$ cat run11.txt   # compact mmCIF, C-alpha atoms and all ligand atoms
# COMPACT_ATOMS: atom_id res chain seq x y z
CA MET A 24 -74.81 -29.45 -2.83
CA ARG A 25 -74.27 -25.76 -3.51
CA LEU A 26 -76.04 -24.68 -6.70
CA LEU A 27 -75.56 -21.51 -8.72
CA ILE A 28 -78.86 -21.11 -10.55
CA THR A 29 -79.00 -18.52 -13.33
CA GLY A 30 -82.33 -17.04 -14.42
CA GLY A 31 -84.00 -18.18 -11.21
CA ALA A 32 -86.45 -15.28 -11.22
CA GLY A 33 -88.02 -16.39 -14.51
CA PHE A 34 -90.74 -18.93 -15.16
CA ILE A 35 -88.89 -22.26 -15.10
CA GLY A 36 -86.02 -21.08 -12.87
CA SER A 37 -88.38 -19.97 -10.08
CA ASN A 38 -90.32 -23.23 -10.27
CA TYR A 39 -86.98 -25.06 -10.13
CA ILE A 40 -85.81 -23.17 -7.03
CA ARG A 41 -89.10 -23.96 -5.29
CA TYR A 42 -88.72 -27.61 -6.30
CA ILE A 43 -85.12 -27.84 -5.02
CA LEU A 44 -85.98 -26.17 -1.72
CA SER A 45 -88.57 -28.84 -1.07
CA ALA A 46 -86.75 -31.86 -2.60
CA HIS A 47 -83.30 -31.01 -1.11
CA PRO A 48 -83.83 -28.67 1.88
CA ASP A 49 -80.16 -29.04 2.83
CA TYR A 50 -78.88 -27.60 -0.49
CA GLU A 51 -77.53 -24.08 -0.83
CA ILE A 52 -78.87 -22.00 -3.69
CA ILE A 53 -77.47 -18.82 -5.16
CA ASN A 54 -79.88 -17.31 -7.67
CA LEU A 55 -78.20 -15.02 -10.21
CA ASP A 56 -80.64 -13.04 -12.31
CA LYS A 57 -80.48 -9.76 -14.19
CA LEU A 58 -84.22 -9.16 -13.67
CA THR A 59 -85.01 -8.39 -17.29
CA TYR A 60 -88.65 -7.79 -18.24
CA ALA A 61 -89.14 -11.55 -17.74
CA GLY A 62 -87.51 -11.81 -14.31
CA ASN A 63 -89.67 -11.13 -11.29
CA LEU A 64 -88.72 -11.56 -7.64
CA GLU A 65 -92.39 -11.90 -6.75
CA ASN A 66 -92.10 -15.36 -8.33
CA LEU A 67 -90.00 -16.31 -5.30
CA SER A 68 -91.69 -14.32 -2.52
CA ASP A 69 -92.37 -17.54 -0.56
CA CYS A 70 -88.72 -18.67 -0.90
CA GLU A 71 -86.73 -15.55 -0.14
CA ASN A 72 -86.27 -16.33 3.57
CA ALA A 73 -85.60 -20.04 3.09
CA ASP A 74 -82.43 -21.40 4.72
CA GLY A 75 -79.56 -21.58 2.26
CA TYR A 76 -81.21 -19.37 -0.39
CA SER A 77 -79.66 -16.12 -1.60
CA PHE A 78 -80.21 -13.78 -4.54
CA ILE A 79 -77.75 -11.74 -6.60
CA LYS A 80 -78.94 -9.23 -9.17
CA GLY A 81 -76.46 -9.51 -12.01
CA ASP A 82 -75.82 -10.14 -15.68
CA ILE A 83 -74.38 -13.49 -16.79
CA CYS A 84 -72.47 -11.58 -19.50
CA GLU A 85 -70.44 -9.58 -16.99
CA ARG A 86 -66.92 -10.87 -16.50
CA GLY A 87 -66.07 -11.58 -12.88
CA ILE A 88 -69.73 -11.65 -11.84
CA LEU A 89 -69.11 -14.93 -9.95
CA ASP A 90 -65.84 -13.86 -8.28
CA GLY A 91 -65.72 -14.94 -4.65
CA LEU A 92 -68.66 -17.34 -4.96
CA GLU A 93 -68.31 -21.05 -4.32
CA PHE A 94 -70.60 -23.77 -5.63
CA ASP A 95 -70.60 -27.33 -6.98
CA ALA A 96 -72.80 -26.84 -10.04
CA ILE A 97 -74.13 -24.16 -12.35
CA ILE A 98 -77.72 -24.81 -13.45
CA HIS A 99 -78.09 -22.44 -16.37
CA PHE A 100 -81.64 -21.24 -17.11
CA ALA A 101 -80.96 -17.56 -17.84
CA ALA A 102 -81.85 -16.65 -21.41
CA GLU A 103 -83.89 -14.48 -23.67
CA SER A 104 -86.65 -17.02 -24.25
CA HIS A 105 -89.36 -15.63 -26.55
CA VAL A 106 -89.28 -16.53 -30.25
CA ASP A 107 -91.38 -13.54 -31.38
CA ARG A 108 -89.02 -11.09 -29.72
CA SER A 109 -86.02 -12.76 -31.37
CA ILE A 110 -87.67 -12.14 -34.74
CA LEU A 111 -87.94 -8.42 -33.95
CA ASP A 112 -84.42 -8.06 -32.51
CA ALA A 113 -81.90 -10.90 -32.36
CA GLN A 114 -79.11 -8.95 -30.60
CA PRO A 115 -80.11 -9.55 -26.95
CA PHE A 116 -80.44 -13.25 -27.81
CA LEU A 117 -76.92 -13.38 -29.18
CA GLN A 118 -75.59 -11.49 -26.17
CA THR A 119 -77.27 -13.34 -23.32
CA ASN A 120 -77.81 -16.78 -24.80
CA VAL A 121 -74.42 -17.18 -26.49
CA ALA A 122 -71.93 -14.70 -24.95
CA GLY A 123 -73.49 -15.09 -21.48
CA THR A 124 -73.26 -18.89 -21.70
CA VAL A 125 -69.59 -18.72 -22.72
CA ASN A 126 -68.87 -16.43 -19.77
CA LEU A 127 -70.40 -19.04 -17.44
CA LEU A 128 -68.58 -21.91 -19.16
CA GLU A 129 -65.32 -20.12 -18.32
CA GLU A 130 -66.41 -20.00 -14.67
CA ALA A 131 -67.20 -23.74 -14.77
CA ARG A 132 -63.80 -24.42 -16.33
CA LYS A 133 -61.98 -22.45 -13.61
CA ARG A 134 -63.84 -24.24 -10.84
CA ASN A 135 -64.11 -27.70 -12.42
CA CYS A 136 -67.79 -27.74 -11.40
CA ILE A 137 -70.83 -29.30 -13.09
CA PHE A 138 -72.40 -27.18 -15.85
CA LEU A 139 -76.00 -28.13 -16.58
CA HIS A 140 -77.22 -26.22 -19.61
CA VAL A 141 -81.00 -25.93 -19.92
CA SER A 142 -81.68 -25.95 -23.64
CA THR A 143 -84.66 -26.54 -25.87
CA ASP A 144 -86.14 -28.92 -28.45
CA GLU A 145 -86.25 -25.93 -30.84
CA VAL A 146 -82.58 -26.48 -31.69
CA TYR A 147 -83.60 -29.46 -33.86
CA GLY A 148 -86.03 -27.41 -35.94
CA SER A 149 -89.32 -28.73 -37.26
CA ILE A 150 -90.22 -32.38 -38.02
CA ASP A 151 -93.22 -33.64 -40.02
CA GLN A 152 -93.24 -37.22 -38.72
CA GLY A 153 -91.43 -39.23 -36.05
CA PHE A 154 -89.22 -37.81 -33.31
CA PHE A 155 -85.92 -36.05 -32.80
CA TYR A 156 -83.21 -37.87 -30.84
CA GLU A 157 -80.21 -36.42 -29.05
CA ASN A 158 -78.00 -37.11 -32.10
CA SER A 159 -80.40 -35.55 -34.62
CA PRO A 160 -78.89 -32.67 -36.59
CA LEU A 161 -79.27 -29.14 -35.26
CA GLN A 162 -81.47 -27.18 -37.68
CA PRO A 163 -82.73 -24.14 -35.75
CA ASN A 164 -85.13 -21.88 -37.64
CA SER A 165 -85.64 -18.80 -35.45
CA PRO A 166 -82.96 -16.45 -34.11
CA TYR A 167 -83.92 -17.68 -30.60
CA ALA A 168 -83.44 -21.33 -31.59
CA ALA A 169 -80.19 -20.51 -33.39
CA SER A 170 -78.86 -18.75 -30.29
CA LYS A 171 -79.73 -21.77 -28.12
CA ALA A 172 -78.16 -24.16 -30.65
CA SER A 173 -75.02 -21.98 -30.65
CA SER A 174 -74.85 -22.14 -26.87
CA ASP A 175 -75.29 -25.94 -26.99
CA LEU A 176 -72.30 -26.11 -29.35
CA MET A 177 -70.22 -23.97 -27.00
CA VAL A 178 -71.05 -26.37 -24.16
CA ARG A 179 -69.94 -29.25 -26.38
CA ALA A 180 -66.72 -27.41 -27.26
CA TYR A 181 -65.90 -26.79 -23.58
CA VAL A 182 -66.51 -30.46 -22.80
CA LYS A 183 -64.26 -31.59 -25.66
CA THR A 184 -61.57 -28.91 -25.28
CA HIS A 185 -61.44 -28.28 -21.54
CA ASN A 186 -63.00 -31.51 -20.28
CA ILE A 187 -65.60 -29.63 -18.21
CA LYS A 188 -68.49 -31.59 -16.64
CA GLY A 189 -71.08 -30.20 -19.05
CA MET A 190 -74.53 -31.68 -19.65
CA ILE A 191 -77.39 -30.42 -21.81
CA THR A 192 -81.14 -30.90 -21.46
CA ARG A 193 -83.43 -30.16 -24.42
CA CYS A 194 -86.98 -29.76 -23.25
CA SER A 195 -90.26 -29.28 -25.09
CA ASN A 196 -92.83 -26.52 -24.40
CA ASN A 197 -93.41 -25.89 -20.69
CA TYR A 198 -96.61 -24.64 -19.10
CA GLY A 199 -97.75 -23.96 -15.53
CA PRO A 200 -97.84 -21.22 -12.88
CA LEU A 201 -95.62 -18.13 -13.20
CA GLN A 202 -95.19 -18.19 -16.98
CA PHE A 203 -94.80 -14.69 -18.43
CA PRO A 204 -98.01 -13.82 -20.31
CA GLU A 205 -96.30 -13.32 -23.67
CA LYS A 206 -96.40 -17.12 -24.13
CA ILE A 207 -99.45 -18.78 -25.66
CA ILE A 208 -101.00 -20.56 -22.64
CA PRO A 209 -101.09 -17.64 -20.18
CA LEU A 210 -101.97 -15.27 -23.03
CA VAL A 211 -105.06 -17.33 -23.84
CA ILE A 212 -106.14 -17.55 -20.18
CA LEU A 213 -105.70 -13.82 -19.52
CA ASN A 214 -107.39 -12.73 -22.73
CA ALA A 215 -110.30 -15.06 -21.97
CA ILE A 216 -110.65 -13.55 -18.48
CA LYS A 217 -110.50 -10.04 -20.01
CA ARG A 218 -112.69 -11.04 -23.01
CA LYS A 219 -110.03 -9.84 -25.43
CA PRO A 220 -109.25 -11.34 -28.87
CA ILE A 221 -107.07 -14.44 -28.71
CA PRO A 222 -104.48 -14.32 -31.52
CA VAL A 223 -103.81 -17.70 -33.17
CA TYR A 224 -101.01 -17.61 -35.74
CA GLY A 225 -101.59 -18.91 -39.27
CA ASP A 226 -103.98 -21.86 -39.55
CA GLY A 227 -103.58 -22.95 -35.91
CA MET A 228 -102.32 -26.38 -36.99
CA ASN A 229 -98.75 -26.04 -35.64
CA VAL A 230 -98.01 -28.76 -33.14
CA ARG A 231 -96.20 -28.47 -29.80
CA ASP A 232 -95.40 -31.14 -27.17
CA TRP A 233 -96.52 -29.73 -23.79
CA ILE A 234 -94.90 -30.61 -20.46
CA TYR A 235 -95.83 -29.39 -16.99
CA VAL A 236 -93.07 -27.16 -15.63
CA VAL A 237 -92.55 -29.19 -12.44
CA ASP A 238 -91.96 -32.32 -14.55
CA HIS A 239 -89.22 -30.38 -16.36
CA CYS A 240 -87.75 -29.32 -12.98
CA ARG A 241 -87.74 -32.97 -11.86
CA ALA A 242 -85.94 -33.90 -15.10
CA VAL A 243 -83.24 -31.25 -14.56
CA ASP A 244 -82.79 -32.57 -11.01
CA ALA A 245 -82.53 -36.15 -12.34
CA VAL A 246 -79.83 -35.09 -14.82
CA LEU A 247 -77.96 -33.15 -12.13
CA HIS A 248 -77.76 -36.25 -9.94
CA LYS A 249 -77.71 -39.10 -12.43
CA GLY A 250 -76.63 -37.59 -15.75
CA GLU A 251 -73.26 -38.21 -17.35
CA ALA A 252 -70.78 -35.49 -18.26
CA GLY A 253 -70.77 -34.74 -21.98
CA GLU A 254 -74.28 -36.12 -22.52
CA ILE A 255 -77.45 -34.55 -23.90
CA TYR A 256 -80.93 -35.51 -22.68
CA ASN A 257 -84.25 -34.78 -24.39
CA VAL A 258 -87.07 -33.92 -21.97
CA GLY A 259 -90.64 -34.26 -23.19
CA SER A 260 -94.03 -35.76 -22.46
CA LYS A 261 -95.03 -37.06 -25.90
CA ASN A 262 -98.09 -34.89 -25.44
CA GLU A 263 -98.68 -33.28 -28.83
CA LEU A 264 -101.47 -30.84 -29.60
CA THR A 265 -102.23 -28.45 -32.42
CA ASN A 266 -102.46 -24.84 -31.25
CA SER A 267 -106.10 -24.86 -32.26
CA ASP A 268 -106.93 -27.84 -30.01
CA LEU A 269 -104.83 -26.39 -27.21
CA VAL A 270 -106.64 -23.05 -27.28
CA LYS A 271 -110.07 -24.72 -27.36
CA LEU A 272 -109.19 -26.93 -24.39
CA ILE A 273 -107.95 -23.95 -22.35
CA LEU A 274 -111.07 -21.97 -23.20
CA SER A 275 -113.41 -24.76 -22.22
CA LYS A 276 -111.60 -25.19 -18.85
CA THR A 277 -111.63 -21.42 -18.31
CA ALA A 278 -115.36 -21.21 -19.10
CA GLU A 279 -116.08 -23.97 -16.56
CA LYS A 280 -114.12 -22.16 -13.85
CA LEU A 281 -115.52 -18.70 -14.61
CA ASP A 282 -118.97 -20.25 -14.91
CA CYS A 283 -119.58 -18.55 -18.25
CA ASP A 284 -120.71 -19.61 -21.73
CA LYS A 285 -117.96 -21.58 -23.49
CA ASN A 286 -119.08 -20.22 -26.89
CA GLU A 287 -118.56 -16.67 -25.69
CA LEU A 288 -114.89 -17.48 -25.01
CA LEU A 289 -114.48 -19.54 -28.20
CA SER A 290 -115.70 -16.54 -30.21
CA LEU A 291 -112.61 -14.62 -29.02
CA ILE A 292 -110.34 -16.83 -31.18
CA THR A 293 -108.89 -14.67 -33.94
CA PHE A 294 -106.65 -16.09 -36.66
CA VAL A 295 -103.84 -13.62 -37.35
CA GLU A 296 -100.81 -13.39 -39.63
CA ASP A 297 -98.43 -16.29 -39.16
CA ARG A 298 -95.16 -16.03 -37.22
CA LYS A 299 -92.21 -15.71 -39.63
CA GLY A 300 -90.40 -19.05 -40.07
CA HIS A 301 -93.03 -20.68 -37.82
CA ASP A 302 -91.94 -24.27 -37.02
CA ARG A 303 -94.74 -26.67 -37.91
CA ARG A 304 -94.15 -29.42 -35.39
CA TYR A 305 -91.80 -30.18 -32.51
CA ALA A 306 -91.47 -33.77 -31.32
CA ILE A 307 -88.66 -35.35 -29.31
CA ASP A 308 -88.04 -38.78 -27.84
CA PRO A 309 -87.19 -38.65 -24.10
CA ALA A 310 -86.34 -42.40 -23.87
CA LYS A 311 -82.63 -41.80 -23.12
CA LEU A 312 -83.42 -39.71 -20.04
CA GLN A 313 -86.00 -42.25 -18.86
CA GLU A 314 -83.62 -45.17 -19.25
CA LYS A 315 -80.65 -43.39 -17.67
CA THR A 316 -82.40 -41.78 -14.68
CA GLY A 317 -85.83 -43.42 -14.29
CA TRP A 318 -87.51 -40.01 -14.75
CA LYS A 319 -90.95 -39.86 -16.26
CA PRO A 320 -93.53 -37.10 -16.47
CA GLU A 321 -96.16 -37.25 -13.72
CA MET A 322 -98.70 -34.55 -14.54
CA GLU A 323 -101.69 -35.52 -16.73
CA PHE A 324 -102.19 -32.78 -19.28
CA GLU A 325 -105.83 -31.94 -18.49
CA ASP A 326 -105.04 -31.78 -14.76
CA GLY A 327 -102.03 -29.55 -15.44
CA ILE A 328 -104.06 -27.18 -17.60
CA SER A 329 -106.79 -27.10 -14.98
CA ALA A 330 -104.26 -26.25 -12.24
CA THR A 331 -102.70 -23.58 -14.49
CA VAL A 332 -106.05 -21.91 -15.24
CA ASP A 333 -106.82 -21.96 -11.49
CA TRP A 334 -103.46 -20.34 -10.76
CA TYR A 335 -103.96 -17.44 -13.18
CA ILE A 336 -107.51 -16.86 -11.94
CA ALA A 337 -106.28 -16.82 -8.32
CA ASN A 338 -103.21 -14.64 -9.01
CA LYS A 339 -104.72 -11.65 -10.72
CA GLN A 340 -102.46 -9.25 -8.79
CA TRP A 341 -99.36 -10.98 -10.17
CA TRP A 342 -100.33 -10.64 -13.81
CA GLU A 343 -102.09 -7.28 -13.49
CA ARG A 344 -98.82 -5.79 -12.33
CA ILE A 345 -97.10 -7.25 -15.36
CA VAL A 346 -99.65 -6.16 -17.93
CA SER A 347 -100.15 -2.65 -16.60
CA GLY A 348 -97.05 -1.59 -14.73
CA ASP A 349 -93.32 -1.15 -14.86
CA TYR A 350 -92.72 -4.35 -16.74
CA LEU A 351 -94.12 -2.95 -19.94
CA ASN A 352 -91.53 -0.19 -19.86
CA TYR A 353 -88.96 -2.87 -20.61
CA TYR A 354 -91.10 -4.55 -23.23
CA ASN A 355 -91.27 -4.04 -26.95
CA THR A 356 -94.19 -1.73 -27.68
CA GLN A 357 -95.82 -3.99 -30.25
CA TYR A 358 -96.14 -6.80 -27.70
CA ALA A 359 -96.85 -4.50 -24.78
CA GLU A 360 -100.05 -3.43 -26.56
CA ARG A 361 -101.11 -7.04 -26.88
CA LEU A 362 -100.59 -7.72 -23.18
CA LYS A 363 -102.49 -4.69 -21.85
P1 LIG B 1 -88.05 -16.66 -18.87
O1 LIG B 1 -87.94 -15.71 -20.00
O2 LIG B 1 -89.33 -16.79 -18.12
O3 LIG B 1 -86.92 -16.35 -17.78
C1 LIG B 1 -85.60 -16.02 -18.14
C2 LIG B 1 -84.89 -15.49 -16.88
O4 LIG B 1 -83.53 -15.22 -17.23
C3 LIG B 1 -85.49 -14.18 -16.34
O5 LIG B 1 -85.60 -14.25 -14.93
C4 LIG B 1 -84.47 -13.12 -16.75
O6 LIG B 1 -84.43 -12.01 -15.89
C5 LIG B 1 -83.18 -13.93 -16.71
N1 LIG B 1 -82.14 -13.36 -17.58
C6 LIG B 1 -82.26 -13.00 -18.89
N2 LIG B 1 -81.12 -12.48 -19.34
C7 LIG B 1 -80.22 -12.53 -18.30
C8 LIG B 1 -78.86 -12.15 -18.14
N3 LIG B 1 -78.17 -11.61 -19.15
N4 LIG B 1 -78.26 -12.36 -16.95
C9 LIG B 1 -78.96 -12.91 -15.92
N5 LIG B 1 -80.26 -13.27 -16.00
C10 LIG B 1 -80.88 -13.09 -17.18
O7 LIG B 1 -87.59 -18.06 -19.48
P2 LIG B 1 -88.11 -19.55 -19.16
O8 LIG B 1 -89.28 -19.84 -19.99
O9 LIG B 1 -88.17 -19.71 -17.69
O10 LIG B 1 -86.88 -20.39 -19.75
C11 LIG B 1 -85.76 -20.69 -18.94
C12 LIG B 1 -84.76 -21.50 -19.75
O11 LIG B 1 -85.35 -22.71 -20.22
C13 LIG B 1 -84.25 -20.78 -21.02
O12 LIG B 1 -82.88 -21.07 -21.16
C14 LIG B 1 -85.06 -21.40 -22.13
O13 LIG B 1 -84.33 -21.38 -23.35
C15 LIG B 1 -85.23 -22.82 -21.62
N6 LIG B 1 -86.43 -23.53 -22.09
C16 LIG B 1 -87.67 -22.95 -21.97
C17 LIG B 1 -88.80 -23.68 -22.37
C18 LIG B 1 -90.19 -23.10 -22.24
O14 LIG B 1 -91.13 -23.71 -22.72
N7 LIG B 1 -90.38 -21.97 -21.60
C19 LIG B 1 -88.66 -24.97 -22.91
C20 LIG B 1 -87.37 -25.51 -23.03
C21 LIG B 1 -86.26 -24.80 -22.60
O1 LIG B 2 -90.24 -25.78 -27.50
C1 LIG B 2 -89.66 -25.14 -26.39
C2 LIG B 2 -89.84 -23.64 -26.53
O2 LIG B 2 -91.20 -23.36 -26.25
C3 LIG B 2 -88.93 -22.84 -25.62
O3 LIG B 2 -87.59 -23.08 -25.97
C4 LIG B 2 -89.23 -21.34 -25.71
O4 LIG B 2 -88.46 -20.61 -24.78
C5 LIG B 2 -90.71 -21.13 -25.40
O5 LIG B 2 -91.04 -19.77 -25.56
C6 LIG B 2 -91.57 -22.00 -26.31
O6 LIG B 2 -91.50 -21.53 -27.69
P1 LIG B 2 -92.80 -21.45 -28.63
O7 LIG B 2 -92.54 -20.47 -29.70
O8 LIG B 2 -93.24 -22.82 -29.04
O9 LIG B 2 -93.87 -20.89 -27.55
P2 LIG B 2 -95.03 -19.79 -27.67
O10 LIG B 2 -95.83 -19.88 -26.42
O11 LIG B 2 -94.49 -18.46 -28.07
O12 LIG B 2 -95.89 -20.34 -28.89
C7 LIG B 2 -96.47 -21.63 -28.84
C8 LIG B 2 -97.22 -21.84 -30.15
O13 LIG B 2 -98.34 -20.94 -30.18
C9 LIG B 2 -96.41 -21.53 -31.39
O14 LIG B 2 -96.77 -22.42 -32.43
C10 LIG B 2 -96.83 -20.10 -31.77
C11 LIG B 2 -98.26 -20.07 -31.33
N1 LIG B 2 -98.76 -18.73 -30.88
C12 LIG B 2 -98.01 -18.05 -29.96
C13 LIG B 2 -98.43 -16.80 -29.51
C14 LIG B 2 -97.62 -16.03 -28.50
C15 LIG B 2 -99.95 -18.23 -31.36
O15 LIG B 2 -100.62 -18.88 -32.20
N2 LIG B 2 -100.37 -17.00 -30.91
C16 LIG B 2 -99.65 -16.27 -30.02
O16 LIG B 2 -100.09 -15.14 -29.65
$ encode --input "run11.txt" --output "structure tokens"
Amino acid sequence: MRLLITGGAGFIGSNYIRYILSAHPDYEIINLDKLTYAGNLENLSDCENADGYSFIKGDICERGILDGLEFDAIIHFAAESHVDRSILDAQPFLQTNVAGTVNLLEEARKRNCIFLHVSTDEVYGSIDQGFFYENSPLQPNSPYAASKASSDLMVRAYVKTHNIKGMITRCSNNYGPLQFPEKIIPLVILNAIKRKPIPVYGDGMNVRDWIYVVDHCRAVDAVLHKGEAGEIYNVGSKNELTNSDLVKLILSKTAEKLDCDKNELLSLITFVEDRKGHDRRYAIDPAKLQEKTGWKPEMEFEDGISATVDWYIANKQWWERIVSGDYLNYYNTQYAERLK
């Protein structure tokens, strides 16, 4: 197959490209990425010379950006992805996540190719008990989640109106190598290494369902090959943790690996003002995907966290460049300070 992958220089997109190159070495990949603050070609330094791989620096919002390119499927990862930033300024989220997605849907319509839209469990909003299913109502609570829900609805509209081969995945919280350190798991690891305060929002009792990034990549691949046009698939591990428990687990693994006193790292935990509109709990049921494609998550959580801590310890150069260099020029000052 020939795949047009958007946002391939980001966290999940770069893991996905690496996964595809090893699972389907005969596939062609075009990676289209604007290289925003979150996009980083170093994420793909081991892939850049692979047969069939090519990179285009470009904006998914630009009309005609795909002129002259041929492919069988668009796998759409590109997005503004950080909830806190969407609270400070929703405009880039509206532009990239909604207008950019519509621009790509037009390209899929013209070419009659597959359009696999990588969405999020955040579109369903927060749930106190039980699980969200694919037909649960959309009740997004942050500007980020609302922009993703809007893009999901545009995919639906193009399926219904233009009969495009659109599919949507809605995944829970990813973790693993190459995640930008604005997100909670790398932030905790880096601040522990640097002995800096670790900000936990509110009472630390918000719950997230964590999935290893490669398991998400495998799910996207399963939907690409076995999914049905017009369908939505939840992707999750049923692996729920409060933020408080998550942070303690990461700190105890990090202490083991740095051979330091666990209590020293635990003392870095600092409860700070809550995120505005902070969703209390995300929980989705991935049974439909499992039944349709046979996919199931493979990574045990403690092993995945251990591998992730190892990766950040071993790849200091990667994150030092991010937290001290050019990247911060593109980053909102308030959060840049936190990452330094
Ligand atoms: P990320 O922020 O790490 O990467 C986003 C990538 O998109 C970057 O490489 C960036 O340069 C690129 N990009 C942004 N705007 C662009 C534009 N206008 N044109 C071209 N490229 C652009 O994000 P991520 O965490 O890898 O998330 C990838 C996708 O998966 C997003 O659509 C996100 O909503 C979804 N998702 C993420 C998670 C998670 O836990 N991280 C969970 C479920 C779904
Ligand atoms: O659920 C899927 C979503 O997961 C994706 O769609 C998003 O792109 C991705 O960013 C992620 O969103 P979250 O808001 O859940 O992830 P984040 O890492 O920002 O926060 C995880 C939890 O940790 C959340 O409850 C907020 C809390 N948190 C976060 C940060 C950055 C803190 O307590 N302190 C922090 O400094």
$ residues_around --input "run11.txt" --residues "A:Leu272" --least-positions-apart "2" --cutoff "12 Å" --atoms "all atoms listed in the file" --output "MDAnalysis selection string"
chainID A and resid 208 211:212 264:270 274:279 285 288:289 324:329 332
$ residues_around --input "run11.txt" --residues "A:Glu314" --least-positions-apart "4" --cutoff "12 Å" --atoms "all atoms listed in the file" --output "number ranges by chain"
A: 245-246, 249-250, 256-257, 308-310, 318-319
$ atom_distance --input "run11.txt" --atom1 "atom CA of A:Phe203" --atom2 "atom C2 of ligand LIG 1 (chain B)"
10.1 Å
$ atom_distance --input "run11.txt" --atom1 "atom CA of A:Asn126" --atom2 "atom CA of A:Thr184"
15.5 Å
$ atom_distance --input "run11.txt" --atom1 "atom O1 of ligand LIG 2 (chain B)" --atom2 "atom CA of A:Thr143"
5.9 Å
$ residues_near_ligand --input "run11.txt" --ligand "ligand LIG 1 (chain B)" --cutoff "8 Å" --atoms "all atoms listed in the file" --output "number ranges by chain"
A: 29-37, 55-63, 80-84, 99-105, 118-120, 123, 140-145, 171, 193-198, 202-203
$ axis_aligned_box --input "run11.txt" --around "stretch 33-46 of chain A" --padding-each-side "5 Å" --output "JSON"
{"center_x": -87.9, "center_y": -24.1, "center_z": -8.1, "size_x": 15.6, "size_y": 25.5, "size_z": 24.1}
$ residues_around --input "run11.txt" --residues "A:Trp341" --least-positions-apart "5" --cutoff "9 Å" --atoms "all atoms listed in the file" --output "list in words"
Glu65, Asn66, Leu201 and Tyr335 of chain A
$ residues_around --input "run11.txt" --residues "A:His47" --least-positions-apart "4" --cutoff "12 Å" --atoms "all atoms listed in the file" --output "ChimeraX atom specification"
/A:24-26,39-43,51-52,73-76,241,244,248
$ closest_residue --input "run11.txt" --among "A:Ile221, A:Cys136, A:Leu44, A:Ile187" --to "ligand LIG 2 (chain B)" --atoms "all atoms listed in the file"
A:Ile221
$ closest_residue --input "run11.txt" --among "A:Asn229, A:Thr331, A:Ser173, A:Thr293" --to "A:Asp151" --atoms "only C-alpha atoms"
A:Asn229
$ closest_residue --input "run11.txt" --among "A:Ser149, A:Ser347, A:Ser290, A:Gln340" --to "ligand LIG 2 (chain B)" --atoms "all atoms listed in the file"
A:Ser149
$ closest_residue --input "run11.txt" --among "A:Ile216, A:Ile53, A:Met228, A:Ile345" --to "A:Leu291" --atoms "only C-alpha atoms"
A:Ile216
$ closest_residue --input "run11.txt" --among "A:Tyr181, A:Phe94, A:Phe138, A:Tyr358" --to "ligand LIG 2 (chain B)" --atoms "all atoms listed in the file"
A:Tyr358
$ closest_residue --input "run11.txt" --among "A:Ser109, A:Cys240, A:Asp333, A:Asn135" --to "ligand LIG 2 (chain B)" --atoms "only C-alpha atoms and all ligand atoms"
A:Ser109
$ residues_near_point --input "run11.txt" --point "(-68.6, -24.8, -19.0)" --cutoff "7 Å" --atoms "only C-alpha atoms" --output "number ranges by chain"
A: 127-132, 138, 178, 181, 187, 189
$ residues_around --input "run11.txt" --residues "A:Gly225" --least-positions-apart "6" --cutoff "12 Å" --atoms "all atoms listed in the file" --output "compact mmCIF listing (two decimals) with C-alpha atoms, keeping the file's coordinate frame"
# COMPACT_ATOMS: atom_id res chain seq x y z
CA THR A 265 -102.23 -28.45 -32.42
CA ASN A 266 -102.46 -24.84 -31.25
CA SER A 267 -106.10 -24.86 -32.26
CA THR A 293 -108.89 -14.67 -33.94
CA PHE A 294 -106.65 -16.09 -36.66
CA VAL A 295 -103.84 -13.62 -37.35
CA GLU A 296 -100.81 -13.39 -39.63
CA ASP A 297 -98.43 -16.29 -39.16
CA ARG A 298 -95.16 -16.03 -37.22
CA LYS A 299 -92.21 -15.71 -39.63
CA GLY A 300 -90.40 -19.05 -40.07
CA HIS A 301 -93.03 -20.68 -37.82
CA ASP A 302 -91.94 -24.27 -37.02
CA ARG A 303 -94.74 -26.67 -37.91
